[in-house]
Each structure stands twice: as C-alpha cells, then as structure tokens.
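Comments concern the structure below.
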Amino acid sequence: MPHAVLDGSPKVARLFPDYEAVERDYYRRTGIFPPMHIVAIRRELAQQSGLARAVYDAFTEAKELAERKYLVGAAKQHMSVITPWFSALFEENRRLLGDDWWPYGVGANRKAIDTFLRYHHEQGLSKRRLRCEDIFVPELLDT
C-alpha cells in the first residue's frame with residue numbers, strides 16, 4: 001500500500017469510500033473477484049518447452065504452502081495476527097468467496113479474464129476483442 005495512504009494524506013482517497021461493501025456486492029452480482037497479480041513471461045521464454053508450466057507449478061506450490069499457514073492460523077484463532085476481529089473477517093470471506101478466493105489458472109479465472117479483455121476492447125485499448133487463447137501460453141489453457 002502506498003505510504004500516502006498509510007500516512008493518511010488528504011491527497012489520496014479511495015474511489016469508493018465504503019470499498020469493502022462495493023467489492024462484496026460486485027462479487028455477489030458477478031461472481032468475479034479480480035486477480036491480485038498476473039504473472040507474465042516474455043514471449044521468447046514462454047516458447048521454451050515446459051518453462052511456463054514449471055513457473056505455474058512453482059507458484060501453485062508456494063500458494064498451497066501459504067494456504068496451509070492460513071488454515072493453521074484459523075484453527076488457532078489467528079493468534080499470530082494482531083488485528084481485532086481477524087478470525088471473524090476470515091470466516092466471512094470464506095462464506096462469500098469459498099476457500100480459494102484467488103484461484104490460480106486460466107480455467108478458474110476465465111470469467112474475470114474475459115470480462116477484463118472485454119473492458120479493454122470497449123475502452124479502445126485493443127483493436128480487437130482478445131480471448132484467453134490469444135494471451136496465454138497454450139500449455140496453460142487447461143489450468
């Protein structure tokens with residue numbers, strides 16, 4: 001998070017003051033919880049057989065380790081997190097989003113990606129409406 005936000009600068013404000021309610025409502029209406037990060041690989045590297053799959057598998061393994069840590073924390077009432085009501089927030093998020101609110105892979109994110117690509121085209125940022133098949137390495141389309 002930018003320091004200006006953390007420091008409470010009046011020059012920076014959220015687009016939606018009640019952002020959490022707006023984001024939860026958007027998810028309820030659309031089923032889309034936007035990805036936090038997208039990993040890109042240079043085209044010339046992506047052409048190396050198995051490289052994209054190896055990167056995907058490494059990130060997936062790291063995510064699984066982090067998820068296990070969260071679940072262990074949940075079992076211990078998140079005692080390692082010094083934030084009031086964190087356990088209640090964690091449970092509320094699980095009720096709304098399920099256990100995997102940032103799923104990996106094209107398949108699990110196709111709706112969000114297709115929506116982003118539609119917006120991208122509608123806003124004039126691409127000459128044609130792209131599809132997942134246009135921007136992802138073929139070996140990862142089945143993830």
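As shown in the structure tokens, the chain order sets the letters A, B, ...; within each chain, residues go from 1, and ligands are also counted from 1 in the order they appear.
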
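Using only C-alpha atoms, the protein and nucleic acid residues lying no more than 7 Å from stretch 33-44 of chain A, apart from those fewer than 6 places from it along its own chain, are Tyr27, Trp102 and Ala112 of chain A.
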
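All residues of protein, DNA or RNA that reach within 9 Å of stretch 132-137 of chain A, judged by only C-alpha atoms and not counting those fewer than 6 positions away in the chain, are Arg43, Ala46, Gln47, Ala52, Val106, Arg110, Ile113, Asp114 and Leu117 of chain A.
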
Take the residues from that selection and put them in a file with all heavy atoms, as a PDB file, in the first residue's frame.
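Generated output (out03.pdb):
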ATOM      1  N   ARG A  43       7.688 -13.535 -24.294  1.00  0.00           N
ATOM      2  CA  ARG A  43       7.289 -14.451 -25.362  1.00  0.00           C
ATOM      3  C   ARG A  43       8.409 -15.437 -25.725  1.00  0.00           C
ATOM      4  O   ARG A  43       8.176 -16.628 -25.858  1.00  0.00           O
ATOM      5  CB  ARG A  43       6.862 -13.639 -26.585  1.00  0.00           C
ATOM      6  CG  ARG A  43       6.270 -14.480 -27.688  1.00  0.00           C
ATOM      7  CD  ARG A  43       5.647 -13.633 -28.784  1.00  0.00           C
ATOM      8  NE  ARG A  43       4.362 -13.144 -28.272  1.00  0.00           N
ATOM      9  CZ  ARG A  43       3.993 -11.857 -28.263  1.00  0.00           C
ATOM     10  NH1 ARG A  43       4.780 -10.941 -28.740  1.00  0.00           N
ATOM     11  NH2 ARG A  43       2.822 -11.499 -27.789  1.00  0.00           N
ATOM     12  N   ALA A  46       8.606 -17.985 -23.025  1.00  0.00           N
ATOM     13  CA  ALA A  46       7.412 -18.827 -22.979  1.00  0.00           C
ATOM     14  C   ALA A  46       7.449 -19.908 -24.049  1.00  0.00           C
ATOM     15  O   ALA A  46       6.783 -20.937 -23.918  1.00  0.00           O
ATOM     16  CB  ALA A  46       6.163 -17.974 -23.137  1.00  0.00           C
ATOM     17  N   GLN A  47       8.247 -19.693 -25.091  1.00  0.00           N
ATOM     18  CA  GLN A  47       8.354 -20.686 -26.161  1.00  0.00           C
ATOM     19  C   GLN A  47       9.236 -21.868 -25.767  1.00  0.00           C
ATOM     20  O   GLN A  47       9.246 -22.884 -26.448  1.00  0.00           O
ATOM     21  CB  GLN A  47       8.873 -20.025 -27.434  1.00  0.00           C
ATOM     22  CG  GLN A  47       7.882 -19.043 -28.015  1.00  0.00           C
ATOM     23  CD  GLN A  47       8.449 -18.209 -29.149  1.00  0.00           C
ATOM     24  OE1 GLN A  47       9.634 -18.238 -29.443  1.00  0.00           O
ATOM     25  NE2 GLN A  47       7.580 -17.450 -29.801  1.00  0.00           N
ATOM     26  N   ALA A  52       6.766 -22.405 -18.936  1.00  0.00           N
ATOM     27  CA  ALA A  52       5.553 -21.785 -18.391  1.00  0.00           C
ATOM     28  C   ALA A  52       4.896 -22.708 -17.364  1.00  0.00           C
ATOM     29  O   ALA A  52       4.469 -22.256 -16.299  1.00  0.00           O
ATOM     30  CB  ALA A  52       4.578 -21.452 -19.514  1.00  0.00           C
ATOM     31  N   VAL A 106      -5.998 -20.492 -15.740  1.00  0.00           N
ATOM     32  CA  VAL A 106      -6.862 -19.821 -16.700  1.00  0.00           C
ATOM     33  C   VAL A 106      -8.315 -20.242 -16.497  1.00  0.00           C
ATOM     34  O   VAL A 106      -9.216 -19.412 -16.460  1.00  0.00           O
ATOM     35  CB  VAL A 106      -6.405 -20.106 -18.150  1.00  0.00           C
ATOM     36  CG1 VAL A 106      -7.370 -19.489 -19.157  1.00  0.00           C
ATOM     37  CG2 VAL A 106      -4.993 -19.585 -18.385  1.00  0.00           C
ATOM     38  N   ARG A 110     -11.240 -17.628 -15.975  1.00  0.00           N
ATOM     39  CA  ARG A 110     -11.675 -17.282 -17.329  1.00  0.00           C
ATOM     40  C   ARG A 110     -12.727 -16.171 -17.333  1.00  0.00           C
ATOM     41  O   ARG A 110     -12.652 -15.230 -18.127  1.00  0.00           O
ATOM     42  CB  ARG A 110     -12.186 -18.509 -18.074  1.00  0.00           C
ATOM     43  CG  ARG A 110     -12.492 -18.215 -19.536  1.00  0.00           C
ATOM     44  CD  ARG A 110     -12.823 -19.477 -20.309  1.00  0.00           C
ATOM     45  NE  ARG A 110     -11.644 -20.268 -20.587  1.00  0.00           N
ATOM     46  CZ  ARG A 110     -10.888 -20.122 -21.674  1.00  0.00           C
ATOM     47  NH1 ARG A 110     -11.183 -19.206 -22.567  1.00  0.00           N
ATOM     48  NH2 ARG A 110      -9.842 -20.892 -21.864  1.00  0.00           N
ATOM     49  N   ILE A 113     -10.995 -12.896 -16.590  1.00  0.00           N
ATOM     50  CA  ILE A 113     -10.098 -12.527 -17.694  1.00  0.00           C
ATOM     51  C   ILE A 113     -10.906 -12.070 -18.899  1.00  0.00           C
ATOM     52  O   ILE A 113     -10.608 -11.040 -19.514  1.00  0.00           O
ATOM     53  CB  ILE A 113      -9.166 -13.698 -18.063  1.00  0.00           C
ATOM     54  CG1 ILE A 113      -8.250 -14.026 -16.893  1.00  0.00           C
ATOM     55  CG2 ILE A 113      -8.368 -13.381 -19.320  1.00  0.00           C
ATOM     56  CD1 ILE A 113      -7.566 -15.380 -17.006  1.00  0.00           C
ATOM     57  N   ASP A 114     -11.956 -12.834 -19.261  1.00  0.00           N
ATOM     58  CA  ASP A 114     -12.788 -12.453 -20.398  1.00  0.00           C
ATOM     59  C   ASP A 114     -13.455 -11.096 -20.167  1.00  0.00           C
ATOM     60  O   ASP A 114     -13.566 -10.282 -21.083  1.00  0.00           O
ATOM     61  CB  ASP A 114     -13.849 -13.516 -20.674  1.00  0.00           C
ATOM     62  CG  ASP A 114     -13.280 -14.747 -21.371  1.00  0.00           C
ATOM     63  OD1 ASP A 114     -12.182 -14.645 -21.961  1.00  0.00           O
ATOM     64  OD2 ASP A 114     -13.930 -15.802 -21.321  1.00  0.00           O
ATOM     65  N   LEU A 117     -10.803  -8.461 -20.656  1.00  0.00           N
ATOM     66  CA  LEU A 117     -10.490  -8.297 -22.073  1.00  0.00           C
ATOM     67  C   LEU A 117     -11.618  -7.577 -22.811  1.00  0.00           C
ATOM     68  O   LEU A 117     -11.366  -6.783 -23.725  1.00  0.00           O
ATOM     69  CB  LEU A 117     -10.190  -9.652 -22.714  1.00  0.00           C
ATOM     70  CG  LEU A 117      -8.903 -10.320 -22.221  1.00  0.00           C
ATOM     71  CD1 LEU A 117      -8.796 -11.738 -22.775  1.00  0.00           C
ATOM     72  CD2 LEU A 117      -7.679  -9.498 -22.571  1.00  0.00           C
TER      73      LEU A 117
END

Selected residue of minimal separation from A:Asn93 among A:Lys11, A:Ala108, A:Asp18, A:Arg28, counting only C-alpha atoms: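 For A:Asn93, the nearest of the given residues is A:Arg28.
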
Quick one: distance from atom CA of A:Asp25 to atom CA of A:Leu6 in Å, one decimal?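 Value for the atom CA of A:Asp25-atom CA of A:Leu6 distance: 25.3 Å.
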
Would you mind telling me which residue in A:Asp100, A:Met79, A:Glu20, A:Ser49 lies nearest to A:Ala66 when using only C-alpha atoms?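 Smallest distance to A:Ala66 is found for A:Asp100.
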
Tell me which protein, DNA and RNA residues are within 9 Å of A:Tyr56, counting only C-alpha atoms, leaving out same-chain ones fewer than 2 positions away, and put them as a PyMOL selection string. chain A and resi 39+51-54+58-61+104-105+140+143

Got a sec to tell me which of stretch 29-102 of chain A DSSP assigns to helix (DSSP H, G or I), as number ranges by chain? A: 29-30, 43-46, 51-75, 86-97

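With distances restricted to only C-alpha atoms, A:Arg14 is the closest residue to A:Pro2 from A:Arg29, A:Arg14, A:Arg131, A:Ile82.
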
For A:Asp99, work out the shell of residues within 12 Å, counting only C-alpha atoms and skipping chain neighbours fewer than 6 positions away, then give it as a ChimeraX atom specification. /A:64,67-68,70-71,74,90-93
